[in-house]
file my_file.cif (mmCIF, C-alpha atoms and all ligand atoms)
data_my_file
#
loop_
_atom_site.label_atom_id
_atom_site.label_comp_id
_atom_site.auth_asym_id
_atom_site.auth_seq_id
_atom_site.Cartn_x
_atom_site.Cartn_y
_atom_site.Cartn_z
CA MET O 145 98.54 82.91 134.09
CA LYS O 146 100.23 84.40 137.15
CA CYS O 147 100.98 88.14 137.35
CA PRO O 148 104.72 88.66 136.71
CA VAL O 149 104.71 91.57 139.18
CA CYS O 150 102.74 90.35 142.23
CA ASN O 151 102.17 86.65 141.40
CA THR O 152 98.35 86.90 141.71
CA GLU O 153 96.29 84.82 139.27
CA MET O 154 95.40 87.13 136.37
CA ILE O 155 91.93 87.52 134.89
CA LYS O 156 91.67 86.23 131.33
CA THR O 157 89.42 88.10 128.87
CA ASN O 158 88.53 87.00 125.34
CA VAL O 159 88.78 89.94 122.98
CA THR O 160 85.66 90.17 120.82
CA ASN O 161 84.19 92.57 118.26
CA LYS O 162 82.58 94.51 121.12
CA SER O 163 85.92 95.89 122.25
CA PRO O 164 88.72 94.97 119.82
CA TYR O 165 92.33 95.23 120.94
CA HIS O 166 94.05 98.34 119.55
CA TYR O 167 97.36 96.95 118.28
CA LYS O 168 99.40 100.14 118.74
CA GLU O 169 102.62 98.13 119.19
CA CYS O 170 102.80 97.57 115.44
CA GLY O 171 103.24 101.31 114.89
CA LEU O 172 100.15 101.67 112.71
CA PRO O 173 97.37 103.88 114.02
CA GLU O 174 94.35 101.81 112.96
CA VAL O 175 94.97 98.09 113.49
CA TYR O 176 92.52 96.32 115.83
CA LEU O 177 92.54 92.62 116.76
CA VAL O 178 89.85 90.21 117.94
CA GLY O 179 89.92 86.51 118.84
CA ILE O 180 92.89 86.89 121.19
CA GLU O 181 93.18 86.86 125.00
CA THR O 182 94.22 89.60 127.40
CA PHE O 183 95.29 89.14 131.01
CA SER O 184 94.82 91.72 133.74
CA CYS O 185 95.78 91.76 137.41
CA GLU O 186 93.15 93.10 139.80
CA LYS O 187 95.69 93.61 142.54
CA CYS O 188 98.42 95.69 140.87
CA GLY O 189 96.91 96.64 137.52
CA GLU O 190 99.46 94.74 135.40
CA TYR O 191 98.12 94.04 131.91
CA SER O 192 99.31 91.80 129.13
CA VAL O 193 98.08 90.52 125.80
CA ALA O 194 98.88 87.28 124.00
CA ILE O 195 99.24 87.62 120.23
CA PRO O 196 99.93 84.18 118.73
CA LYS O 197 101.25 83.65 115.18
CA ILE O 198 102.48 87.22 115.02
CA GLU O 199 104.53 86.58 111.84
CA GLN O 200 101.44 85.49 109.95
CA LEU O 201 99.53 88.47 111.31
CA HIS O 202 102.23 90.83 110.07
CA LYS O 203 102.23 89.17 106.63
CA LEU O 204 98.48 89.75 106.50
CA ILE O 205 98.94 93.42 107.39
CA VAL O 206 101.64 93.74 104.68
CA LYS O 207 99.29 92.22 102.09
CA ASP O 208 96.49 94.52 103.20
CA LEU O 209 98.70 97.60 102.93
CA LEU O 210 100.03 96.60 99.49
CA GLU O 211 96.45 96.25 98.24
CA LYS O 212 95.28 99.53 99.79
CA PRO O 213 93.41 101.55 97.14
CA SER O 214 94.76 104.92 98.34
CA VAL O 215 98.25 106.36 98.65
CA LEU O 216 100.38 104.94 101.50
CA THR O 217 101.40 107.07 104.47
CA PHE O 218 104.92 107.18 105.91
CA LYS O 219 103.79 105.30 109.07
CA GLU O 220 102.51 102.49 106.86
CA VAL O 221 105.77 102.55 104.92
CA ARG O 222 107.70 102.34 108.21
CA PHE O 223 105.79 99.14 109.02
CA LEU O 224 106.52 97.75 105.55
CA ARG O 225 110.22 98.61 105.60
CA LYS O 226 110.65 96.96 109.01
CA GLU O 227 108.86 93.84 107.75
CA VAL O 228 111.28 93.53 104.83
CA GLY O 229 114.26 94.24 107.09
CA PHE O 230 115.39 97.72 106.09
CA SER O 231 116.88 100.07 108.68
CA ALA O 232 115.75 103.70 108.47
CA LYS O 233 119.20 104.68 107.17
CA LYS O 234 119.30 102.11 104.36
CA TRP O 235 115.72 102.83 103.43
CA ALA O 236 116.33 106.59 103.20
CA SER O 237 119.41 105.95 101.05
CA ASN O 238 117.40 103.69 98.71
CA MET O 239 114.65 106.31 98.48
CA GLY O 240 117.20 108.99 97.70
CA ILE O 241 116.23 111.09 100.74
CA SER O 242 118.12 112.01 103.93
CA PRO O 243 117.52 110.01 107.14
CA GLU O 244 116.29 113.27 108.75
CA HIS O 245 113.74 113.76 105.99
CA LEU O 246 112.55 110.16 106.45
CA SER O 247 112.29 110.54 110.24
CA ARG O 248 110.32 113.81 109.93
CA SER O 249 107.96 112.27 107.38
CA GLU O 250 107.37 109.18 109.55
CA LYS O 251 106.57 111.36 112.56
CA ALA O 252 104.23 113.59 110.59
CA ASP O 253 102.74 110.50 108.90
CA SER O 254 102.47 112.42 105.64
CA ALA O 255 101.32 110.72 102.45
CA LEU O 256 103.75 109.54 99.78
CA SER O 257 103.83 110.94 96.28
CA VAL O 258 102.21 108.60 93.77
CA PRO O 259 105.50 107.58 92.05
CA MET O 260 107.16 106.90 95.42
CA ASP O 261 104.11 104.94 96.59
CA LYS O 262 104.32 102.69 93.52
CA PHE O 263 108.07 102.24 93.98
CA VAL O 264 107.59 101.22 97.64
CA ARG O 265 104.82 98.74 96.78
CA ALA O 266 107.00 97.20 94.06
CA ILE O 267 110.06 96.89 96.33
CA VAL O 268 108.07 95.41 99.22
CA THR O 269 106.27 92.94 96.92
CA ILE O 270 109.59 91.78 95.48
CA LEU O 271 111.28 91.45 98.87
CA SER O 272 108.31 89.58 100.34
CA ASN O 273 108.89 86.88 97.70
CA ASP O 274 112.70 87.01 97.73
CA SER O 275 113.19 83.53 99.20
CA HIS O 276 116.99 83.40 98.85
CA GLY O 277 117.52 86.96 100.03
CA LYS O 278 119.64 87.74 96.95
CA ILE O 279 117.57 90.70 95.79
CA LYS O 280 117.56 92.00 99.35
CA ASP O 281 121.37 91.90 99.38
CA ILE O 282 121.44 94.06 96.27
CA LEU O 283 118.85 96.50 97.57
CA LEU O 284 120.38 96.68 101.05
CA GLY O 285 123.94 96.91 99.76
CA GLU O 286 125.96 100.03 99.31
CA ALA O 287 125.67 101.76 95.96
CA GLU O 288 129.28 100.71 95.19
CA ASP O 289 128.30 97.02 95.40
CA LEU O 290 126.38 97.32 92.17
CA LYS O 291 129.02 97.60 89.45
CA VAL O 292 128.56 100.55 87.14
CA PRO O 293 130.65 101.17 84.00
CA HIS O 294 133.17 103.92 84.62
CA LYS O 295 133.83 105.08 81.11
CA LYS O 296 131.12 105.97 78.67
CA LYS O 297 132.08 103.19 76.24
CA GLU O 298 132.79 100.51 78.88
CA ARG O 299 130.24 97.71 78.96
CA PHE O 300 130.12 94.59 81.06
CA LYS O 301 130.10 91.31 79.16
CA ALA O 302 126.79 89.51 79.45
CA LYS O 303 126.94 86.86 82.17
CA PHE O 304 127.30 83.25 81.01
CA LYS O 305 124.16 81.49 82.08
CA LEU O 306 123.18 77.86 81.62
CA ASP O 307 119.65 76.60 82.18
CA ARG O 308 118.63 72.97 81.78
CA LEU O 309 115.24 71.46 81.07
CA ASP O 310 114.39 68.25 82.91
CA ARG O 311 111.22 66.46 83.99
CA ASN O 312 110.39 69.11 86.57
CA GLY O 313 110.89 72.07 84.25
CA TRP O 314 113.68 74.57 83.72
CA LYS O 315 116.48 74.77 86.24
CA PHE O 316 119.37 77.17 86.65
CA VAL O 317 122.69 75.26 86.34
CA ALA O 318 125.44 77.85 86.19
ZN ZN O 401 99.75 91.95 139.85
#
call {"tool": "encode", "arguments": {"input": "my_file.cif", "output": "structure tokens"}}
result
Amino acid sequence: MKCPVCNTEMIKTNVTNKSPYHYKECGLPEVYLVGIETFSCEKCGEYSVAIPKIEQLHKLIVKDLLEKPSVLTFKEVRFLRKEVGFSAKKWASNMGISPEHLSRSEKADSALSVPMDKFVRAIVTILSNDSHGKIKDILLGEAEDLKVPHKKKERFKAKFKLDRLDRNGWKFVA
């Protein structure tokens, strides 16, 4: 690989357990990678790293965070919310906190309360498996998008729903 700055051939290094690559770009303080290649230029000092299959890597980090046996921190939650496609503003609104509060907490990397931690894990787990993006639309939507009865006695009629059983199992029809 040629240096993008001075066009000199760069020196390739395989990253091993001896000196793992600190993956600061993901925004988490403690993620290190091995088995990848880095490229450095002796002439001008340019440095680059190749991280293949980054989507799969991020899915692995999500899984690891969701299974973490201690309370999540706000930096970890920032990683999770970006992975499931929430902006800071939408996320704060869904958490019932102000965007300023969220930003301060992410910077300080404080720990979540236990109920909030469980709520975040549940939301991220659901959205990670939300193949049609329909649940995401509801969660990302404005509060007004979700219809709420206005009067005390008003109720919405239950939705007509037809499911059919065929050889492959139950299927939603209408
Ligand atoms: Zn160079």
call {"tool": "closest_residue", "arguments": {"input": "my_file.cif", "among": "O:Lys305, O:Ser192, O:Leu216, O:Val228", "to": "O:Phe263", "atoms": "all atoms listed in the file"}}
result
O:Leu216
call {"tool": "residues_near_ligand", "arguments": {"input": "my_file.cif", "ligand": "ligand ZN 401 (chain O)", "cutoff": "6 Å", "atoms": "only C-alpha atoms and all ligand atoms", "output": "number ranges by chain"}}
result
O: 147, 149-150, 152, 185, 187-190
call {"tool": "residues_around", "arguments": {"input": "my_file.cif", "residues": "stretch 266-272 of chain O", "least_positions_apart": "5", "cutoff": "10 Å", "atoms": "only C-alpha atoms", "output": "list in words"}}
result
Lys203, Val206, Lys207, Leu210, Val221, Leu224, Arg225, Glu227, Val228, Gly229, Met260, Asp261, Gly277, Lys278, Ile279, Lys280 and Leu283 of chain O
call {"tool": "closest_residue", "arguments": {"input": "my_file.cif", "among": "O:Val193, O:Leu290, O:Cys170, O:Val175", "to": "O:Lys156", "atoms": "all atoms listed in the file"}}
result
O:Val193
call {"tool": "residues_around", "arguments": {"input": "my_file.cif", "residues": "O:Trp235", "least_positions_apart": "5", "cutoff": "9 Å", "atoms": "only C-alpha atoms", "output": "number ranges by chain"}}
result
O: 225, 230, 240-241, 243, 246, 284
call {"tool": "atom_distance", "arguments": {"input": "my_file.cif", "atom1": "atom CA of O:Met154", "atom2": "atom CA of O:Val178"}}
result
19.5 Å
call {"tool": "atom_distance", "arguments": {"input": "my_file.cif", "atom1": "atom CA of O:Phe218", "atom2": "atom CA of O:Leu204"}}
result
18.6 Å
call {"tool": "atom_distance", "arguments": {"input": "my_file.cif", "atom1": "atom CA of O:Ser247", "atom2": "atom CA of O:Lys212"}}
result
22.8 Å
call {"tool": "residues_around", "arguments": {"input": "my_file.cif", "residues": "O:Thr160", "least_positions_apart": "6", "cutoff": "12 Å", "atoms": "only C-alpha atoms", "output": "PyMOL selection string"}}
result
chain O and resi 166+176-182
call {"tool": "closest_residue", "arguments": {"input": "my_file.cif", "among": "O:Pro173, O:Asp274, O:Lys226, O:Leu209", "to": "O:Lys251", "atoms": "all atoms listed in the file"}}
result
O:Pro173
call {"tool": "closest_residue", "arguments": {"input": "my_file.cif", "among": "O:Lys295, O:Arg308, O:Arg265, O:Asn238", "to": "O:Ile282", "atoms": "only C-alpha atoms"}}
result
O:Asn238
call {"tool": "closest_residue", "arguments": {"input": "my_file.cif", "among": "O:Ile155, O:Glu250, O:Asp307, O:Ser275", "to": "O:Glu186", "atoms": "all atoms listed in the file"}}
result
O:Ile155
